[in-house]
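Inspection log for the structure reproduced underneath, given as structure tokens.
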Amino acid sequence: MGEMNISTEHSKKHNRRFMRALLNDLTALEMMIDQGMIESGITRIGAEQEMVLVDRNYSPACKSVEILKDITDPRFTYEIGKFNMEANLTPNELKGSCFRELEKEINEVMLIARTAASKHGAQIVLTGILPTIRQLDLTLDNMVPIDRYFELNETLKNLKGTNFRLNIRGIDELSVTHDSFMLEALNTSFQVHMQVSSDDFVHKYNIAQAITAPVMSTSVNSGLIHHYRLWHESRIAVFQNSVDTRSDTLQQRGMLPRVHFGREWVNSVTDIFREDVSRFPVVLTADFDEDPVGMLEKGITPKLRALMLHNGTVYRWNRPCYGVVDNVPHLRIENRVLPSGPSVIDEVANAAFFTGLMVGMSNKYEDITKVLRFSDVANNFLNSCRIGLEAKFHWLDHKVITASDLILDELLPIAEDGLLQEGLDQQDIDRYLGVIEERTKSKMTGAKWAIKSITEMDPAILPDEKVRFITSEMIVNQKTDEPVHKWELARATQELDWRATFMRLGQFMTEELFTVRPDDLLDLAASIMDWKHVRHVPVEDDEGQIVGLISHRAILREVARGRSNSSEPAAVKDVMKQNPITAPPGMLTVDAIRLMRENKLGCLPVVDKNKLVGIVTDHDLINVAGKLLEQYLDDFNKDQE
């Protein structure tokens, strides 16, 4: 989770002090590497398990603060959103049954989390992006009240100067703007750490970059943001945009975002840190008294807290990490691309595949940079995030091959050889790489399961209900710990509380809108009503702000007056109702009903940040009332029996 005791002081003098500490840490790191102080001769594997909290209706449950008060286990900690938690798992030496032990520990922390969550009416889900989460859940009220997060949000906003923008196109297209970095809270990951020696760091890091795309392609588990079917690993695009502080000018100059894959092969670990210090402004500071160089002279290993604090705000998908255990410093490569879920065994299989390839590819290729172009590696990664196992890769020997064929024909044997060399139990190798093999053969990743499930559901089911069905099935399947390629598609067969879909306007409003402009021909509005069977058409300006509303009754009045037959065609602005009453997407439905009744409204445009985002009509509310009456009468009849 990183340094929590951060400073809120922003004076130039304070920032210069922190920068001096940062540069001193870099000097000390170089000294430790040059003097051979970094631990070597041992490889360890660790992981961070992030999880999502949902309520009984499968919506985000903002209960982490209360739940973590009940959990005394030091492995648990906060994440940015109140609907997220994290468990830091025990590092194990890469040998024998280490992955079996990892799976056992994840199940242990999941049991602890589920037990504590249930006392607060919450459940645990492992997913890259929770399908039921909506933009209205990503408010600062739902951020964990820790100074680090609020300070990070303010600094990133100031650097950006405008709202954060997110545009993703898959089967569907999603385009949103957000006023805080809480978009990052959409993401839930399973981060794998691999300890390496300083002598082997560059080689291993470049291998990690090369294999990230194929590992990602079979691990994708973030195909939905609500009901939008987007990238198979939409987390990647969301995270990059949620903390992108670049101005338009910096983007035009080609500056890398704070979340990035890299631009070239690396030559040294200190070069990575130097580049990040050079490229990315400091966004968090703290007061550190330690003199890292002086500590080294006294035989004390410094923690390099300033360097690690800055490193925690630059989000390379393969990130170098430094740590100290029992006064012994070490280096790790943190793989940040893997999503949480779909099941515990899927996660461990992903970790085993990544680790096996790290070792196997390192042994097979003395210098991966001589046989692969970095531009191809970066493009492979992007393609894997977009379409998963269907992606085509540019691989060694100028080969173009699908992700699935590459994994099955070449990479699984290499991963197996790597794990065997490290002394992993053959039974465990077969278990975890077998999951990768069967998942890849069936092409049923977590993302594919979710996308296919929502696509095959009855179109008459509301989107909010569809994603609640999917989330419900996720929880059921995760408790069986069957890998995702064995899951049945989610079906709308079980009983859900339908009322949960109609709590707020944003859950059931019509988002596919047909609008007109003020100067448009009135006949166009009439035609749209006829063609699309609607009775109200919003009128918006070129910036998407609603300026009026036109109804079928208004058009009928014009026809009755004979105005439609006049020689001068009527414009929409001549008839529309100006400055209509609107509501935000977070308004409670019961409040909207009162608002519409009191003002005798036939429809209510839904507006977010001055932009038209949806519409709710009296017909929608009649459907809600009809369901409520039907349930009431059913219950009444049962009582009479």
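Residue names in the structure tokens use chain letters A, B, ... in the order shown, residue numbers from 1 in each chain, and ligand numbers from 1 in the order shown.
Non-sequential neighbours of Ala500 in chain A (distance at most 7 Å, separation of 3 or more positions within a chain, only C-alpha atoms) are Asn57, Asp497 and Met503 of chain A.
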Could you pull the residues within 12 Å of Arg246 in chain A, counting only C-alpha atoms, minus those fewer than 4 positions along the same chain, as a ChimeraX atom specification?
/A:156-165,240-242,250-259,279-281
In Å and to one decimal, CA of Arg16 in chain A is distant from CA of Ser278 in chain A by 14.2 Å
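In the backbone-derived DSSP annotation, strand (DSSP E) within range 555-628 of chain A comprises Lys577, Gln578, Cys603, Leu604, Pro605, Val606, Val607, Asp608, Lys611, Leu612, Val613, Gly614, Ile615, Val616 and Thr617 of chain A.
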Would you save the residues of that selection, restricted to C-alpha atoms, as an mmCIF file, in the first residue's frame?
data_model
loop_
_atom_site.group_PDB
_atom_site.id
_atom_site.type_symbol
_atom_site.label_atom_id
_atom_site.label_comp_id
_atom_site.auth_asym_id
_atom_site.auth_seq_id
_atom_site.Cartn_x
_atom_site.Cartn_y
_atom_site.Cartn_z
ATOM 1 C CA LYS A 577 -40.393 23.961 -23.333
ATOM 2 C CA GLN A 578 -37.330 25.885 -22.275
ATOM 3 C CA CYS A 603 -40.659 12.830 -18.317
ATOM 4 C CA LEU A 604 -37.558 13.822 -16.405
ATOM 5 C CA PRO A 605 -34.256 14.414 -18.220
ATOM 6 C CA VAL A 606 -31.272 13.124 -16.235
ATOM 7 C CA VAL A 607 -28.270 15.440 -16.179
ATOM 8 C CA ASP A 608 -24.766 14.853 -14.818
ATOM 9 C CA LYS A 611 -24.568 17.069 -19.603
ATOM 10 C CA LEU A 612 -27.652 15.120 -20.627
ATOM 11 C CA VAL A 613 -27.021 11.446 -19.796
ATOM 12 C CA GLY A 614 -30.496 9.865 -19.797
ATOM 13 C CA ILE A 615 -34.230 10.242 -19.464
ATOM 14 C CA VAL A 616 -36.939 8.727 -17.253
ATOM 15 C CA THR A 617 -40.579 8.849 -18.341
#
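Nearest residue to Arg332 in chain A, choosing from A:Val196, A:Ala351, A:Ala87, A:Val476 and counting only C-alpha atoms: A:Val196.
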Counting only C-alpha atoms, the option among A:Glu390, A:Asp542, A:Asp172, A:Glu568 closest to Thr455 in chain A
A:Asp172
For Met85 in chain A, find every residue with an atom within 10 Å (counting only C-alpha atoms), except residues of its own chain fewer than 6 positions away, and show them as an mmCIF file with N, CA and C atoms, in the first residue's frame.
data_model
loop_
_atom_site.group_PDB
_atom_site.id
_atom_site.type_symbol
_atom_site.label_atom_id
_atom_site.label_comp_id
_atom_site.auth_asym_id
_atom_site.auth_seq_id
_atom_site.Cartn_x
_atom_site.Cartn_y
_atom_site.Cartn_z
ATOM 1 N N GLN A 49 -3.478 -9.569 -2.884
ATOM 2 C CA GLN A 49 -4.823 -9.971 -3.290
ATOM 3 C C GLN A 49 -5.807 -8.848 -3.000
ATOM 4 N N GLU A 50 -6.304 -8.214 -4.057
ATOM 5 C CA GLU A 50 -7.331 -7.201 -3.900
ATOM 6 C C GLU A 50 -8.708 -7.831 -4.097
ATOM 7 N N MET A 51 -9.699 -7.272 -3.432
ATOM 8 C CA MET A 51 -11.051 -7.841 -3.473
ATOM 9 C C MET A 51 -12.080 -6.721 -3.387
ATOM 10 N N VAL A 52 -13.303 -7.037 -3.813
ATOM 11 C CA VAL A 52 -14.381 -6.042 -3.835
ATOM 12 C C VAL A 52 -15.472 -6.458 -2.855
ATOM 13 N N LEU A 53 -16.073 -5.471 -2.215
ATOM 14 C CA LEU A 53 -17.190 -5.701 -1.298
ATOM 15 C C LEU A 53 -18.496 -5.339 -1.989
ATOM 16 N N LYS A 63 -17.993 -0.611 3.007
ATOM 17 C CA LYS A 63 -17.903 -1.092 4.387
ATOM 18 C C LYS A 63 -16.481 -1.423 4.819
ATOM 19 N N SER A 64 -15.462 -1.113 4.000
ATOM 20 C CA SER A 64 -14.111 -1.600 4.313
ATOM 21 C C SER A 64 -13.582 -1.044 5.631
ATOM 22 N N VAL A 65 -13.898 0.203 5.939
ATOM 23 C CA VAL A 65 -13.388 0.792 7.180
ATOM 24 C C VAL A 65 -13.919 0.028 8.384
ATOM 25 N N ILE A 67 -15.223 -3.073 8.379
ATOM 26 C CA ILE A 67 -14.809 -4.475 8.323
ATOM 27 C C ILE A 67 -13.368 -4.635 8.788
ATOM 28 N N LEU A 68 -12.491 -3.735 8.346
ATOM 29 C CA LEU A 68 -11.082 -3.860 8.725
ATOM 30 C C LEU A 68 -10.853 -3.577 10.206
ATOM 31 N N PHE A 76 -4.099 -7.717 6.155
ATOM 32 C CA PHE A 76 -5.163 -6.947 5.509
ATOM 33 C C PHE A 76 -4.904 -5.447 5.611
ATOM 34 N N THR A 77 -5.317 -4.740 4.587
ATOM 35 C CA THR A 77 -5.177 -3.295 4.583
ATOM 36 C C THR A 77 -6.220 -2.666 3.666
ATOM 37 N N TYR A 78 -6.229 -1.343 3.623
ATOM 38 C CA TYR A 78 -7.187 -0.597 2.822
ATOM 39 C C TYR A 78 -6.766 -0.557 1.361
ATOM 40 N N GLU A 79 -7.727 -0.238 0.525
ATOM 41 C CA GLU A 79 -7.466 0.221 -0.832
ATOM 42 C C GLU A 79 -8.152 1.582 -0.963
ATOM 43 N N ALA A 113 -11.970 -12.744 5.233
ATOM 44 C CA ALA A 113 -12.665 -11.590 4.667
ATOM 45 C C ALA A 113 -14.162 -11.842 4.557
ATOM 46 N N ILE A 124 -17.875 -10.881 -0.631
ATOM 47 C CA ILE A 124 -16.588 -10.656 -1.286
ATOM 48 C C ILE A 124 -16.654 -11.164 -2.722
ATOM 49 N N THR A 188 -9.373 -3.820 -9.681
ATOM 50 C CA THR A 188 -9.041 -4.781 -8.633
ATOM 51 C C THR A 188 -8.075 -5.795 -9.224
#
Residue neighbourhood Ile429 in chain A, 10 Å, only C-alpha atoms, exclusion window fewer than 5 positions, as a list of chain:residue names:
A:Gly96, A:Ser97, A:Phe99, A:Arg100, A:Ala349, A:Ala352, A:Phe353, A:Gly356, A:Ala415, A:Glu416, A:Asp417, A:Leu419, A:Leu420, A:Leu424, A:Gly434, A:Val435
Would you mind exporting the chosen residues as an mmCIF file, in the first residue's frame, restricted to C-alpha atoms?
data_model
loop_
_atom_site.group_PDB
_atom_site.id
_atom_site.type_symbol
_atom_site.label_atom_id
_atom_site.label_comp_id
_atom_site.auth_asym_id
_atom_site.auth_seq_id
_atom_site.Cartn_x
_atom_site.Cartn_y
_atom_site.Cartn_z
ATOM 1 C CA GLY A 96 8.475 -27.363 -3.989
ATOM 2 C CA SER A 97 4.865 -26.600 -3.133
ATOM 3 C CA PHE A 99 2.108 -22.293 -5.336
ATOM 4 C CA ARG A 100 0.024 -24.784 -3.400
ATOM 5 C CA ALA A 349 -2.412 -20.599 -12.279
ATOM 6 C CA ALA A 352 2.601 -19.995 -11.949
ATOM 7 C CA PHE A 353 2.480 -19.374 -15.712
ATOM 8 C CA GLY A 356 7.528 -20.367 -15.097
ATOM 9 C CA ALA A 415 6.983 -22.483 -18.421
ATOM 10 C CA GLU A 416 6.985 -26.118 -17.343
ATOM 11 C CA ASP A 417 10.736 -26.389 -17.890
ATOM 12 C CA LEU A 419 9.232 -24.498 -12.909
ATOM 13 C CA LEU A 420 10.911 -27.900 -13.028
ATOM 14 C CA LEU A 424 8.524 -27.198 -8.193
ATOM 15 C CA GLY A 434 -3.203 -27.516 -16.725
ATOM 16 C CA VAL A 435 -5.664 -24.752 -15.844
#
Residues within 9 Å of Met31 in chain A, please, as a JSON list (two decimals) with N, CA and C atoms, in the first residue's frame. Count only C-alpha atoms; anything in the same chain fewer than 6 positions from it doesn't count.
[["chain", "number", "residue", "atom", "x", "y", "z"],
["A", 37, "MET", "N", 25.51, -5.65, -2.32],
["A", 37, "MET", "CA", 24.75, -5.83, -1.08],
["A", 37, "MET", "C", 23.36, -6.41, -1.31],
["A", 293, "VAL", "N", 23.14, 7.32, 2.80],
["A", 293, "VAL", "CA", 24.57, 7.06, 2.58],
["A", 293, "VAL", "C", 25.27, 6.89, 3.92],
["A", 296, "LEU", "N", 24.58, 3.49, 5.38],
["A", 296, "LEU", "CA", 25.38, 2.43, 4.77],
["A", 296, "LEU", "C", 26.77, 2.37, 5.37]]
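When CA of Tyr149 in chain A is paired with CA of Asp137 in chain A, their separation reads 16.6 Å.
From CA of Ser384 in chain A back to CA of Ile454 in chain A, the distance works out to 21.2 Å.
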Give the answer as one residue: which of A:Ala571, A:Ser219, A:Leu304, A:Tyr228 has the shortest atom-to-atom distance to Pro483 in chain A, using only C-alpha atoms?
A:Ser219
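Of the residues listed (A:Lys303, A:Arg169, A:Arg319, A:Arg504), A:Arg319 shows the shortest atom-to-atom separation from Asp276 in chain A; distances use only C-alpha atoms.
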Write out as number ranges by chain the residues lying within 10 Å of Asn318 in chain A, counting only C-alpha atoms and excluding same-chain residues fewer than 3 positions away.
A: 191-193, 205-206, 208-209, 212, 260-262, 315, 321, 332-337
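For the set A:Met194, A:Val215, A:Ile42, A:Ile168, the residue with the smallest atom-to-atom gap to Phe381 in chain A is A:Val215, counting only C-alpha atoms.
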